[in-house]
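Colleague: Next up, run_11.csv (CSV, C-alpha atoms and all ligand atoms).
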```csv
chain,number,residue,atom,x,y,z
A,1,MET,CA,26.1,-2.9,2.6
A,2,ALA,CA,22.9,-1.0,1.7
A,3,LYS,CA,21.2,-2.3,-1.5
A,4,LEU,CA,21.5,-0.1,-4.6
A,5,SER,CA,18.3,1.6,-5.5
A,6,PHE,CA,17.0,0.8,-9.0
A,7,ALA,CA,17.8,4.4,-10.0
A,8,GLN,CA,21.4,3.9,-9.0
A,9,ALA,CA,21.6,0.4,-10.5
A,10,ILE,CA,20.4,1.7,-13.9
A,11,LYS,CA,22.8,4.6,-13.8
A,12,ASN,CA,25.7,2.1,-13.3
A,13,LEU,CA,24.3,-0.1,-16.0
A,14,PHE,CA,24.2,2.7,-18.5
A,15,SER,CA,27.8,3.6,-17.8
A,16,ALA,CA,29.0,0.0,-18.0
A,17,HIS,CA,27.4,-0.7,-21.4
A,18,ASN,CA,28.1,1.4,-24.5
A,19,LYS,CA,25.6,-0.2,-26.7
A,20,GLU,CA,22.1,-1.7,-26.3
A,21,ASP,CA,23.0,-5.3,-26.9
A,22,THR,CA,21.6,-8.6,-25.4
A,23,GLU,CA,23.9,-8.3,-22.4
A,24,PHE,CA,22.6,-4.8,-21.7
A,25,PHE,CA,19.0,-6.0,-21.8
A,26,ASP,CA,19.8,-9.0,-19.6
A,27,ASP,CA,21.4,-6.7,-17.0
A,28,LEU,CA,18.4,-4.4,-17.2
A,29,ALA,CA,16.1,-7.3,-16.5
A,30,ASP,CA,18.2,-8.3,-13.5
A,31,ALA,CA,18.1,-4.7,-12.2
A,32,LEU,CA,14.3,-4.6,-12.5
A,33,ILE,CA,13.9,-7.9,-10.7
A,34,GLU,CA,16.2,-6.6,-7.9
A,35,GLY,CA,14.0,-3.5,-7.8
A,36,ASP,CA,11.0,-5.7,-6.9
A,37,ILE,CA,8.8,-5.4,-9.9
A,38,GLY,CA,8.6,-9.2,-10.4
A,39,ALA,CA,10.4,-11.4,-12.8
A,40,LYS,CA,7.5,-11.8,-15.3
A,41,ASN,CA,6.9,-8.0,-15.4
A,42,ALA,CA,10.7,-7.3,-15.8
A,43,MET,CA,10.9,-9.7,-18.7
A,44,GLU,CA,7.9,-8.3,-20.4
A,45,LEU,CA,9.1,-4.8,-20.0
A,46,VAL,CA,12.6,-5.5,-21.2
A,47,ASP,CA,11.3,-7.5,-24.3
A,48,GLN,CA,9.2,-4.5,-25.2
A,49,LEU,CA,12.1,-2.1,-24.8
A,50,GLU,CA,14.5,-4.4,-26.8
A,51,LYS,CA,12.0,-4.7,-29.6
A,52,GLU,CA,11.5,-1.0,-29.9
A,53,CYS,CA,15.3,-0.3,-29.7
A,54,LYS,CA,15.9,-2.9,-32.5
A,55,GLU,CA,13.1,-1.3,-34.6
A,56,GLY,CA,15.0,2.0,-34.2
A,57,LYS,CA,12.0,3.7,-32.3
A,58,ILE,CA,14.1,4.6,-29.3
A,59,HIS,CA,17.8,5.4,-29.0
A,60,GLY,CA,20.2,6.0,-26.1
A,61,ASN,CA,19.9,6.0,-22.4
A,62,GLU,CA,17.7,8.9,-21.9
A,63,GLU,CA,15.0,7.7,-24.4
A,64,ILE,CA,15.1,4.3,-22.9
A,65,LEU,CA,14.5,5.7,-19.4
A,66,LYS,CA,11.7,7.9,-20.6
A,67,HIS,CA,10.1,5.1,-22.5
A,68,MET,CA,10.4,2.8,-19.4
A,69,LYS,CA,8.4,5.5,-17.5
A,70,VAL,CA,5.7,5.5,-20.2
A,71,LEU,CA,5.4,1.7,-20.0
A,72,LEU,CA,5.5,1.5,-16.2
A,73,SER,CA,2.9,4.3,-15.8
A,74,GLU,CA,0.4,1.9,-17.4
A,75,TYR,CA,1.0,-0.5,-14.5
A,76,VAL,CA,1.2,1.6,-11.4
A,77,LYS,CA,-2.0,3.2,-10.1
A,78,SER,CA,-3.0,5.7,-7.5
A,79,VAL,CA,-6.2,6.6,-5.8
A,80,GLU,CA,-7.5,9.1,-3.3
A,81,PHE,CA,-10.5,8.3,-1.1
A,82,VAL,CA,-12.3,11.2,0.6
A,83,PRO,CA,-14.7,10.4,3.4
A,84,GLU,CA,-18.2,11.8,2.8
A,85,LYS,CA,-19.5,14.3,5.3
A,86,GLY,CA,-22.8,13.3,7.0
A,87,LYS,CA,-22.4,9.6,6.0
A,88,ILE,CA,-21.0,6.6,7.8
A,89,ASN,CA,-17.6,5.9,6.3
A,90,ILE,CA,-15.5,2.9,7.4
A,91,TRP,CA,-11.9,2.4,6.3
A,92,MET,CA,-10.6,-1.0,7.5
A,93,MET,CA,-6.8,-1.4,7.8
A,94,LEU,CA,-5.6,-4.9,6.9
A,95,GLY,CA,-2.2,-6.5,6.8
A,96,VAL,CA,0.2,-9.0,8.2
A,97,ASN,CA,2.0,-8.6,11.5
A,98,GLY,CA,4.2,-5.5,12.0
A,99,VAL,CA,3.7,-3.8,8.7
A,100,GLY,CA,2.5,-0.5,10.3
A,101,LYS,CA,-1.3,-0.8,10.5
A,102,THR,CA,-1.8,0.8,13.9
A,103,THR,CA,0.7,3.6,13.1
A,104,SER,CA,-1.0,4.2,9.7
A,105,CYS,CA,-4.5,4.4,11.4
A,106,ALA,CA,-3.2,7.3,13.5
A,107,LYS,CA,-1.3,9.0,10.6
A,108,VAL,CA,-4.4,8.9,8.3
A,109,ALA,CA,-6.7,10.2,11.1
A,110,ASN,CA,-4.3,13.0,11.9
A,111,LEU,CA,-3.9,14.0,8.2
A,112,LEU,CA,-7.7,14.0,7.6
A,113,ILE,CA,-8.2,16.2,10.7
A,114,LYS,CA,-5.5,18.6,9.5
A,115,ASN,CA,-7.2,18.7,6.1
A,116,GLY,CA,-10.5,19.7,7.8
A,117,PHE,CA,-12.4,16.4,8.2
A,118,GLU,CA,-12.8,16.2,11.9
A,119,GLN,CA,-15.3,13.5,12.5
A,120,VAL,CA,-12.8,10.7,12.8
A,121,VAL,CA,-13.1,7.8,15.3
A,122,LEU,CA,-10.6,5.0,15.7
A,123,SER,CA,-11.9,1.4,16.2
A,124,ALA,CA,-9.6,-0.8,18.3
A,125,SER,CA,-10.5,-4.0,16.4
A,126,ASP,CA,-7.2,-5.6,17.0
A,127,THR,CA,-8.5,-7.4,20.2
A,128,PHE,CA,-6.0,-10.2,19.7
A,129,ARG,CA,-2.5,-8.9,20.3
A,130,ALA,CA,-1.6,-8.0,23.9
A,131,ALA,CA,-1.3,-4.2,24.3
A,132,ALA,CA,-2.8,-3.5,20.8
A,133,ILE,CA,-5.7,-1.6,22.3
A,134,GLU,CA,-3.5,0.5,24.6
A,135,GLN,CA,-1.2,1.3,21.6
A,136,LEU,CA,-4.2,2.7,19.6
A,137,CYS,CA,-5.5,4.5,22.7
A,138,TYR,CA,-2.1,6.1,23.1
A,139,HIS,CA,-2.1,7.4,19.5
A,140,GLY,CA,-5.7,8.5,19.9
A,141,GLU,CA,-4.8,10.6,22.9
A,142,LYS,CA,-1.7,12.1,21.1
A,143,ILE,CA,-3.7,13.2,18.1
A,144,GLY,CA,-6.9,14.0,19.8
A,145,VAL,CA,-9.1,11.3,18.3
A,146,ARG,CA,-11.7,9.2,20.1
A,147,VAL,CA,-11.0,5.5,20.3
A,148,VAL,CA,-13.8,3.0,20.5
A,149,ASN,CA,-12.5,-0.1,22.3
A,150,HIS,CA,-13.7,-3.3,24.0
A,151,GLN,CA,-11.8,-5.7,26.2
A,152,HIS,CA,-8.8,-7.7,25.0
A,153,GLY,CA,-10.0,-10.9,23.4
A,154,SER,CA,-13.5,-9.6,22.5
A,155,ASP,CA,-15.0,-9.9,19.0
A,156,PRO,CA,-13.3,-7.4,16.6
A,157,SER,CA,-16.4,-7.0,14.5
A,158,SER,CA,-18.5,-5.9,17.5
A,159,VAL,CA,-15.9,-3.1,18.1
A,160,VAL,CA,-16.4,-1.8,14.5
A,161,PHE,CA,-20.1,-2.1,15.0
A,162,ASP,CA,-20.0,0.1,18.1
A,163,ALA,CA,-17.7,2.6,16.4
A,164,ALA,CA,-20.0,2.9,13.4
A,165,GLU,CA,-23.0,3.4,15.8
A,166,SER,CA,-21.1,6.1,17.5
A,167,VAL,CA,-20.3,7.9,14.3
A,168,LYS,CA,-24.0,7.6,13.3
A,169,ALA,CA,-25.1,9.1,16.6
A,170,HIS,CA,-22.8,12.1,15.8
A,171,GLY,CA,-24.4,12.7,12.4
A,172,GLY,CA,-21.8,10.8,10.3
A,173,GLY,CA,-18.0,10.6,10.1
A,174,LEU,CA,-15.3,8.1,9.5
A,175,VAL,CA,-14.3,5.0,11.4
A,176,ILE,CA,-10.8,3.9,10.9
A,177,ALA,CA,-10.6,0.3,12.0
A,178,ASP,CA,-7.3,-1.1,13.2
A,179,THR,CA,-7.2,-4.9,12.8
A,180,ALA,CA,-5.0,-7.7,14.1
A,181,GLY,CA,-1.9,-8.6,12.1
A,182,ARG,CA,-2.4,-12.0,10.6
A,183,LEU,CA,-0.1,-14.3,8.7
A,184,HIS,CA,-1.0,-16.3,5.6
A,185,ASN,CA,-3.1,-18.8,7.6
A,186,LYS,CA,-5.8,-18.6,5.0
A,187,GLU,CA,-8.7,-20.3,6.7
A,188,ASN,CA,-8.7,-18.3,9.9
A,189,LEU,CA,-8.0,-15.2,7.9
A,190,VAL,CA,-11.0,-15.7,5.6
A,191,HIS,CA,-13.3,-16.6,8.5
A,192,GLU,CA,-12.6,-13.7,10.8
A,193,LEU,CA,-12.2,-11.1,8.1
A,194,GLU,CA,-15.4,-12.2,6.4
A,195,LYS,CA,-17.3,-11.5,9.6
A,196,ILE,CA,-15.7,-8.0,10.1
A,197,ASP,CA,-16.3,-7.4,6.4
A,198,ARG,CA,-20.0,-8.3,6.7
A,199,ILE,CA,-20.5,-5.9,9.6
A,200,CYS,CA,-18.7,-3.0,7.8
A,201,LYS,CA,-20.8,-3.6,4.7
A,202,GLN,CA,-23.9,-3.4,6.8
A,203,LYS,CA,-23.0,-0.4,8.8
A,204,ALA,CA,-21.3,1.9,6.2
A,205,ASP,CA,-23.3,4.0,3.7
A,206,ASP,CA,-23.1,3.0,0.0
A,207,GLY,CA,-19.6,3.4,-1.5
A,208,CYS,CA,-18.2,4.6,1.9
A,209,TYR,CA,-16.6,1.3,3.0
A,210,LYS,CA,-12.9,0.8,1.9
A,211,LYS,CA,-10.6,-2.1,2.6
A,212,ILE,CA,-7.1,-0.8,2.8
A,213,LEU,CA,-4.1,-3.2,2.8
A,214,VAL,CA,-1.0,-2.0,4.6
A,215,ILE,CA,2.2,-3.3,3.1
A,216,ASP,CA,5.8,-2.9,4.3
A,217,SER,CA,7.7,-1.6,1.2
A,218,THR,CA,10.9,-3.3,2.4
A,219,THR,CA,9.4,-6.8,2.0
A,220,GLY,CA,9.6,-6.8,-1.8
A,221,GLN,CA,7.7,-9.5,-3.7
A,222,ASN,CA,6.4,-11.0,-0.5
A,223,ALA,CA,4.1,-8.0,-0.3
A,224,LEU,CA,2.6,-9.0,-3.6
A,225,ARG,CA,1.8,-12.4,-2.2
A,226,GLN,CA,0.1,-10.7,0.8
A,227,ALA,CA,-1.9,-8.6,-1.5
A,228,GLU,CA,-3.0,-11.7,-3.4
A,229,VAL,CA,-4.1,-13.5,-0.3
A,230,PHE,CA,-6.1,-10.5,1.2
A,231,ASN,CA,-7.6,-9.6,-2.2
A,232,GLU,CA,-8.8,-13.2,-2.7
A,233,ALA,CA,-10.2,-13.3,0.9
A,234,ILE,CA,-12.3,-10.1,1.0
A,235,GLY,CA,-11.0,-7.8,-1.8
A,236,VAL,CA,-8.7,-4.9,-1.4
A,237,ASP,CA,-9.5,-1.4,-2.5
A,238,ALA,CA,-6.1,0.3,-2.0
A,239,ILE,CA,-2.7,-0.1,-0.6
A,240,ILE,CA,-0.8,2.0,2.0
A,241,MET,CA,3.0,1.5,1.5
A,242,THR,CA,4.8,1.9,4.7
A,243,LYS,CA,8.5,2.2,5.6
A,244,TYR,CA,9.3,3.7,2.2
A,245,ASP,CA,12.0,5.6,4.1
A,246,SER,CA,13.8,2.3,4.7
A,247,THR,CA,14.0,0.8,1.2
A,248,ALA,CA,16.0,1.6,-1.8
A,249,LYS,CA,13.6,-0.5,-4.0
A,250,GLY,CA,9.9,-0.1,-3.6
A,251,GLY,CA,9.0,-1.5,-7.1
A,252,VAL,CA,6.3,-3.7,-5.5
A,253,ALA,CA,3.7,-0.9,-6.2
A,254,ILE,CA,4.3,-1.7,-9.9
A,255,SER,CA,3.7,-5.4,-9.5
A,256,ILE,CA,0.6,-4.9,-7.3
A,257,GLY,CA,-0.8,-2.5,-9.8
A,258,LYS,CA,0.0,-4.6,-12.8
A,259,ASP,CA,-0.9,-8.1,-11.5
A,260,LEU,CA,-3.8,-7.2,-9.3
A,261,GLY,CA,-5.0,-3.8,-10.5
A,262,ILE,CA,-4.9,-2.4,-6.9
A,263,PRO,CA,-4.0,1.3,-6.6
A,264,VAL,CA,-1.8,2.9,-3.9
A,265,PHE,CA,-3.5,5.5,-1.6
A,266,TYR,CA,-0.8,6.7,0.8
A,267,VAL,CA,3.0,6.3,1.2
A,268,CYS,CA,4.5,6.5,4.7
A,269,THR,CA,8.1,7.5,5.2
A,270,GLY,CA,8.8,7.5,8.9
A,271,GLU,CA,7.5,6.9,12.4
A,272,THR,CA,6.0,10.3,13.1
A,273,TYR,CA,2.4,11.3,12.4
A,274,SER,CA,3.3,13.6,9.6
A,275,ASP,CA,5.3,11.0,7.7
A,276,ILE,CA,2.5,10.3,5.3
A,277,SER,CA,1.5,11.6,1.9
A,278,LEU,CA,-0.8,10.7,-1.0
A,279,PHE,CA,0.8,8.5,-3.5
A,280,ASN,CA,1.7,10.2,-6.7
A,281,CYS,CA,2.5,7.9,-9.7
A,282,ASP,CA,4.6,10.5,-11.5
A,283,ASP,CA,6.8,11.3,-8.5
A,284,TYR,CA,7.1,7.7,-7.6
A,285,LEU,CA,8.3,6.7,-11.1
A,286,ASN,CA,10.7,9.6,-11.3
A,287,THR,CA,12.3,8.4,-8.0
A,288,PHE,CA,12.2,4.8,-9.1
A,289,LEU,CA,13.9,5.5,-12.4
A,290,GLY,CA,16.1,8.4,-11.2
A,291,LEU,CA,14.6,10.9,-13.6
B,301,LIG,N1,10.6,3.8,9.4
B,301,LIG,C1,9.3,3.6,9.4
B,301,LIG,N2,8.7,2.9,10.4
B,301,LIG,C2,7.4,2.7,10.4
B,301,LIG,C3,6.6,3.2,9.4
B,301,LIG,N3,5.3,2.8,9.7
B,301,LIG,C4,5.4,2.1,10.9
B,301,LIG,N4,6.6,2.0,11.3
B,301,LIG,C5,7.1,1.3,12.5
B,301,LIG,O1,6.9,-0.1,12.4
B,301,LIG,C6,6.6,-0.6,13.7
B,301,LIG,C7,5.3,-1.4,13.6
B,301,LIG,O2,4.2,-0.5,13.5
B,301,LIG,P1,2.7,-0.9,13.9
B,301,LIG,O3,1.9,0.3,13.5
B,301,LIG,O4,2.7,-1.3,15.3
B,301,LIG,O5,2.5,-2.2,13.0
B,301,LIG,P2,1.2,-3.1,13.0
B,301,LIG,O6,1.0,-3.6,11.6
B,301,LIG,O7,0.0,-2.4,13.7
B,301,LIG,O8,1.7,-4.3,13.9
B,301,LIG,P3,0.9,-5.5,14.6
B,301,LIG,O9,-0.3,-4.9,15.2
B,301,LIG,O10,1.8,-6.1,15.6
B,301,LIG,O11,0.5,-6.4,13.5
B,301,LIG,C8,6.6,0.5,14.7
B,301,LIG,O12,7.8,0.6,15.3
B,301,LIG,C9,6.3,1.7,13.8
B,301,LIG,O13,6.9,2.9,14.3
B,301,LIG,C10,7.2,3.9,8.3
B,301,LIG,O14,6.6,4.4,7.4
B,301,LIG,N5,8.5,4.1,8.4
B,302,MG,MG,-1.2,-3.1,15.2
```
Since I need it in another form, could you write the structure as structure tokens?
Modeller:
Amino acid sequence: MAKLSFAQAIKNLFSAHNKEDTEFFDDLADALIEGDIGAKNAMELVDQLEKECKEGKIHGNEEILKHMKVLLSEYVKSVEFVPEKGKINIWMMLGVNGVGKTTSCAKVANLLIKNGFEQVVLSASDTFRAAAIEQLCYHGEKIGVRVVNHQHGSDPSSVVFDAAESVKAHGGGLVIADTAGRLHNKENLVHELEKIDRICKQKADDGCYKKILVIDSTTGQNALRQAEVFNEAIGVDAIIMTKYDSTAKGGVAISIGKDLGIPVFYVCTGETYSDISLFNCDDYLNTFLGL
């Protein structure tokens, strides 16, 4: 059976309880934890709500929901990066296996071109997985974007290097670098990423290099752990949440914002190139809370 969304869970909770007693707040905390905002955050939020209810500051379901939105909007953050014309911009896509990095590279490139920024190059810096280069080249062909690639097994940082040189030779633009999916094997992760990171820092103009972590919204709190690991390794500037079409929860944006201060850039909601949009905190919280 499909999991209840938090919005549905809270609706059920309101109809099951006719007063805001301890049991109601316990159930509310459970629903928030199920919605992936993290146990500690759920407790903090519910304690705050309970206190304000007891003090008579808020009354009834609607005010509780609205107040939750106010409290949550302090946690969840959004950001929009815009590549600078005439400069060397590099956006590196990071993430564990299968989260949607390669697809997101193509979606972002396609969207930017549609919005009038045409100097986009894809860098096939996943030289590790068999067929990863072909996969990116396939997308490049479909959306009409040049792909800089080397041989399977070559050094991923040298691919970014060449892509950045190519952009420079064309008077500036954006390199979107696909990278290999990697699990939480921290030592290898740090070592290889540090090298790519160093090259990107050298090649990009000031303020034009962004590290974007792709997370699969269906993985819940595990995505928070991934964000912690990558953030600790090289720092993460923003998140892309993928597969938002396949989850009824998605509260992980709240815990990543609250615990790590990392904003969300894009949300992806399907497998086609147009299934991407800028993250909007207000819309997101309205959906999450069912407002
Ligand atoms: N439903 C849905 N599927 C998605 C979304 N984004 C990506 N996918 C699918 O997820 C699968 C994995 O996507 P990839 O882009 O290959 O993921 P990746 O992170 O590059 O994978 P590796 O390179 O193997 O680490 C593909 O079947 C995509 O079509 C999304 O927003 N919604
Ligand atoms: Mg990939």
Colleague: Show me as a PyMOL selection string the residues that reach within 8 Å of (-2.6, 1.5, 13.3), counting only C-alpha atoms and using the file's own coordinates.
Modeller: chain A and resi 93+100-106+136+178-179
Colleague: Could you save the residues just selected, with C-alpha atoms, as a short mmCIF file (atom, residue, chain, number, x, y, z; two decimals), in the frame of the given file?
Modeller:
```
data_model
loop_
_atom_site.label_atom_id
_atom_site.label_comp_id
_atom_site.auth_asym_id
_atom_site.auth_seq_id
_atom_site.Cartn_x
_atom_site.Cartn_y
_atom_site.Cartn_z
CA MET A 93 -6.80 -1.40 7.80
CA GLY A 100 2.50 -0.50 10.30
CA LYS A 101 -1.30 -0.80 10.50
CA THR A 102 -1.80 0.80 13.90
CA THR A 103 0.70 3.60 13.10
CA SER A 104 -1.00 4.20 9.70
CA CYS A 105 -4.50 4.40 11.40
CA ALA A 106 -3.20 7.30 13.50
CA LEU A 136 -4.20 2.70 19.60
CA ASP A 178 -7.30 -1.10 13.20
CA THR A 179 -7.20 -4.90 12.80
#
```
Colleague: Nearest residue to Ile196 in chain A out of A:Leu94, A:Cys208, A:Glu165, A:Val229, using all atoms listed in the file?
Modeller: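 Between A:Leu94, A:Cys208, A:Glu165, A:Val229, the residue approaching Ile196 in chain A most closely is A:Leu94.
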Colleague: Can you tell me which residues come within 8 Å of ligand LIG 301 (chain B) when counting all atoms listed in the file, ideally as number ranges by chain?
Modeller: A: 95-105, 126, 129, 132, 135, 178-182, 214, 216, 241-246, 267-272, 275-276
Colleague: Got a sec to check which residues sit within 12 Å of (-19.9, 3.4, 4.6), counting all atoms listed in the file, and write them as a ChimeraX atom specification?
Modeller: /A:82-92,160-161,164-165,167-168,172-176,197-211
Colleague: In Å, with one decimal, what is the gap from CA of Ser154 in chain A to CA of Gly235 in chain A?
Modeller: 24.5 Å
Colleague: Identify which of the residues A:Leu71, A:Cys137, A:Val148, A:Val190 lies closest to ligand MG 302 (chain B), counting only C-alpha atoms and all ligand atoms when measuring atom-to-atom distances.
Modeller: A:Cys137
Colleague: In Å, with one decimal, what is the gap from CA of Asn280 in chain A to CA of Ile143 in chain A?
Modeller: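 Separation of CA of Asn280 in chain A and CA of Ile143 in chain A: 25.6 Å.
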Colleague: Of the candidates A:Glu141, A:Asp282, A:Glu134, A:Asp21, which shows the shortest atom-to-atom distance to ligand MG 302 (chain B), using all atoms listed in the file?
Modeller: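 Looking at the shortest contact to ligand MG 302 (chain B), the residue is A:Glu134.
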Colleague: Do a neighbour search on range 29-42 of chain A at 10 Å with only C-alpha atoms, toss out local chain neighbours closer than 3 positions, and write the hits as JSON, numbers by chain.
Modeller: {"A": [3, 4, 5, 6, 7, 8, 9, 10, 13, 23, 24, 25, 26, 45, 46, 47, 48, 72, 75, 217, 218, 219, 220, 221, 222, 223, 224, 247, 248, 249, 250, 251, 252, 253, 254, 255, 256, 258, 259, 288]}
Colleague: To one decimal place, how far is CA of Asp283 in chain A from CA of Val108 in chain A in Å?
Modeller: 20.3 Å
Colleague: Tell me which of A:Ser125, A:Gly60, A:Lys54, A:Lys77 sits closest to ligand MG 302 (chain B), counting all atoms listed in the file.
Modeller: A:Ser125
Colleague: Just checking: using all atoms listed in the file, which residue out of A:Asp237, A:Pro263, A:Arg225, A:Ala177 ends up closest to ligand MG 302 (chain B)?
Modeller: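 Ranked by minimum distance to ligand MG 302 (chain B), first place goes to A:Ala177.
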Colleague: Which residue gives the smallest distance to ligand MG 302 (chain B) among A:Leu278, A:Ala131, A:Ile262, A:Ala169, with only C-alpha atoms and all ligand atoms counted?
Modeller: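 Closest to ligand MG 302 (chain B), using only C-alpha atoms and all ligand atoms: A:Ala131.
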